[in-house]
Amino acid sequence: MNTPNPIAFSIFGIDIRWYGILVGLGFLIAVFLSYKRAPLYNMVPDHILDFCIIMIPLSIIGARLYYVIFEWEYYAGDFKKIIDLRSGGLAIHGGLIAGLIVAFAVSRYHKFSLKDLTDNIFPTVALGQAIGRWGNYFNSEAHGGPTDLPWGIMVDGVKVHPTFLYESIWCLLLFIFLSWLSKRRKFSGQISLLYGMLYSVERFFVEGLRTDSLMIGPFKQAQVLSLCVIIVCAVLYYILNKKSNNKEI
């Protein structure tokens with residue numbers, strides 16, 4: 001399977017890329033579903049819109065800054081390169097960190113539970129990731145190393161692992177599972193912590209296949225961060241679950 005043209009269409013000489021369309025579509029669907037899910041967590045739907053209006057641009061900035069920091073040797077001293085998003089370079093972990101900061105600020109402002117807010121949005125974030133990852137396919141990026149598997153894709157004449165596909169399928173299944181669990185959660189924060197653990201498990205293994213990873217010395221930073229998130233979320237899950245069980249006694 002060969003990768004397609006990354007350009008969807010052009011307007012007045014400006015190329016509109018599939019990557020931007022798919023990432024934007026992922027954002028829009030996630031916002032819509034989070035808005036609809038708000039009553040499930042006793043939240044005012046308009047507060048979700050307040051959160052998203054701030055979160056979307058800041059998460060893009062966060063994703064860009066995260067990437068630039070780990071590729072500083074390339075971007076140092078060139079502001080035009082730093083702000084040139086059309087040339088690629090967004091890191092999902094940076095976007096998630098920025099989104100969490102905004103979630104904390106908005107929850108404090110509107111005086112509702114941060115855990116309820118993140119339980120609401122993380123299933124939809126997973127769906128947004130499942131959609132947005134296809135942008136990597138159109139850009140012929142974020143792929144793995146050579147493979148003989150029948151579902152490999154051709155990039156520069158080499159058959160490689162479609163790691164975007166692996167993550168897209170996992171995130172779609174994660175969305176379905178977390179959405180099902182949303183009406184059955186035992187404690188506030190359960191959905192968020194499960195997202196953190198389950199997404200990080202997938203990202204750790206898929207990152208091992210990728211050839212374009214950001215690095216921390218000899219280690220792939222996404223794998224290091226994924227391990228840290230798994231440990232922290234697992235500890236918090238144990239503590240909150242134990243408290244929930246004690247209340248039921």
# chains A, B, ... in the order shown; residues from 1 in each chain; ligands from 1
>>> residues_around(residues="stretch 170-179 of chain A", least_positions_apart="6", cutoff="6 Å", atoms="only C-alpha atoms", output="PyMOL selection string")
chain A and resi 123+126-127+130
>>> select_by_dssp(residues="stretch 22-144 of chain A", states="helix (DSSP H, G or I)", output="ChimeraX atom specification")
/A:22-41,45-70,72-75,79-83,85-87,92-110,114-132,134-139
>>> residues_around(residues="A:Leu240", least_positions_apart="4", cutoff="12 Å", atoms="only C-alpha atoms", output="compact mmCIF listing (two decimals) with N, CA and C atoms, in the first residue's frame")
# COMPACT_ATOMS: atom_id res chain seq x y z
N LYS A 115 -11.18 16.08 38.10
CA LYS A 115 -11.27 14.66 37.74
C LYS A 115 -12.52 14.38 36.91
N ARG A 185 -18.39 3.96 36.11
CA ARG A 185 -17.17 4.27 36.86
C ARG A 185 -17.40 4.16 38.36
N LYS A 186 -16.42 3.66 39.06
CA LYS A 186 -16.52 3.46 40.51
C LYS A 186 -16.13 4.71 41.28
N PHE A 187 -15.24 5.52 40.71
CA PHE A 187 -14.77 6.71 41.43
C PHE A 187 -14.35 7.77 40.43
N SER A 188 -14.40 9.01 40.87
CA SER A 188 -14.00 10.14 40.04
C SER A 188 -12.50 10.05 39.74
N GLY A 189 -12.17 10.12 38.47
CA GLY A 189 -10.77 10.01 38.04
C GLY A 189 -10.45 8.66 37.44
N GLN A 190 -11.35 7.70 37.58
CA GLN A 190 -11.09 6.35 37.07
C GLN A 190 -10.86 6.35 35.56
N ILE A 191 -11.71 7.05 34.82
CA ILE A 191 -11.59 7.08 33.36
C ILE A 191 -10.27 7.72 32.94
N SER A 192 -9.92 8.81 33.60
CA SER A 192 -8.69 9.54 33.25
C SER A 192 -7.46 8.68 33.49
N LEU A 193 -7.42 7.99 34.62
CA LEU A 193 -6.25 7.17 34.96
C LEU A 193 -6.14 5.95 34.04
N CYS A 233 -0.04 6.73 37.21
CA CYS A 233 -1.48 6.45 37.09
C CYS A 233 -1.86 5.18 37.83
N ALA A 234 -1.01 4.16 37.79
CA ALA A 234 -1.30 2.91 38.48
C ALA A 234 -1.34 3.12 39.99
N VAL A 235 -0.41 3.89 40.52
CA VAL A 235 -0.39 4.18 41.96
C VAL A 235 -1.64 4.96 42.37
N LEU A 236 -1.97 6.00 41.60
CA LEU A 236 -3.16 6.80 41.91
C LEU A 236 -4.44 5.97 41.78
N SER A 244 -12.46 4.21 47.41
CA SER A 244 -13.81 3.96 46.96
C SER A 244 -14.37 2.67 47.59
N ASN A 245 -13.56 1.64 47.66
CA ASN A 245 -13.99 0.38 48.27
C ASN A 245 -14.27 0.54 49.76
N ASN A 246 -13.45 1.37 50.44
CA ASN A 246 -13.64 1.59 51.87
C ASN A 246 -14.95 2.31 52.15
N LYS A 247 -15.34 3.22 51.24
CA LYS A 247 -16.60 3.97 51.42
C LYS A 247 -17.80 3.03 51.27
>>> closest_atom_pairs(of="stretch 179-249 of chain A", to="stretch 142-157 of chain A", cutoff="7 Å", atoms="only C-alpha atoms", output="Markdown table")
| residue | atom | partner | partner_atom | distance |
| --- | --- | --- | --- | --- |
| A:Leu209 | CA | A:Gly144 | CA | 4.8 |
| A:Arg210 | CA | A:Gly144 | CA | 4.0 |
| A:Thr211 | CA | A:Gly144 | CA | 5.5 |
| A:Asp212 | CA | A:Ala142 | CA | 6.3 |
>>> residues_around(residues="A:Ser140", least_positions_apart="4", cutoff="10 Å", atoms="only C-alpha atoms", output="ChimeraX atom specification")
/A:2-6,134-136,153-156,162,164
>>> residues_around(residues="A:Leu65", least_positions_apart="3", cutoff="9 Å", atoms="only C-alpha atoms", output="PyMOL selection string")
chain A and resi 60-62+68-70+82+90-91+94
>>> write_last_selection(atoms="N, CA, C and O atoms", output="compact mmCIF listing (two decimals), in the first residue's frame")
# COMPACT_ATOMS: atom_id res chain seq x y z
N ILE A 60 -2.14 23.03 20.77
CA ILE A 60 -1.32 23.05 19.55
C ILE A 60 0.02 23.72 19.83
O ILE A 60 1.09 23.23 19.42
N ILE A 61 -0.03 24.83 20.58
CA ILE A 61 1.22 25.51 20.97
C ILE A 61 2.07 24.58 21.83
O ILE A 61 3.29 24.47 21.66
N GLY A 62 1.41 23.89 22.79
CA GLY A 62 2.13 22.97 23.65
C GLY A 62 2.77 21.84 22.88
O GLY A 62 3.92 21.45 23.14
N VAL A 68 9.79 21.22 19.60
CA VAL A 68 10.93 22.11 19.38
C VAL A 68 11.99 21.94 20.47
O VAL A 68 13.20 21.93 20.18
N ILE A 69 11.56 21.79 21.71
CA ILE A 69 12.50 21.62 22.82
C ILE A 69 13.40 20.40 22.60
O ILE A 69 14.62 20.46 22.82
N PHE A 70 12.80 19.30 22.15
CA PHE A 70 13.58 18.08 21.95
C PHE A 70 14.33 18.05 20.63
O PHE A 70 15.12 17.13 20.39
N ILE A 82 10.61 27.82 14.02
CA ILE A 82 9.86 27.43 15.22
C ILE A 82 8.36 27.55 15.00
O ILE A 82 7.58 26.70 15.43
N LEU A 90 4.75 18.26 15.57
CA LEU A 90 3.86 18.37 16.72
C LEU A 90 4.00 17.09 17.54
O LEU A 90 4.04 16.00 16.98
N ALA A 91 4.07 17.23 18.85
CA ALA A 91 4.20 16.07 19.74
C ALA A 91 2.95 15.96 20.60
O ALA A 91 2.64 16.89 21.36
N GLY A 94 3.06 16.86 24.33
CA GLY A 94 3.06 18.28 24.64
C GLY A 94 1.66 18.85 24.63
O GLY A 94 1.29 19.69 25.46
>>> residues_around(residues="A:Leu225", least_positions_apart="5", cutoff="9 Å", atoms="only C-alpha atoms", output="list of chain:residue names")
A:His93, A:Ser200, A:Phe204, A:Lys220, A:Ile230
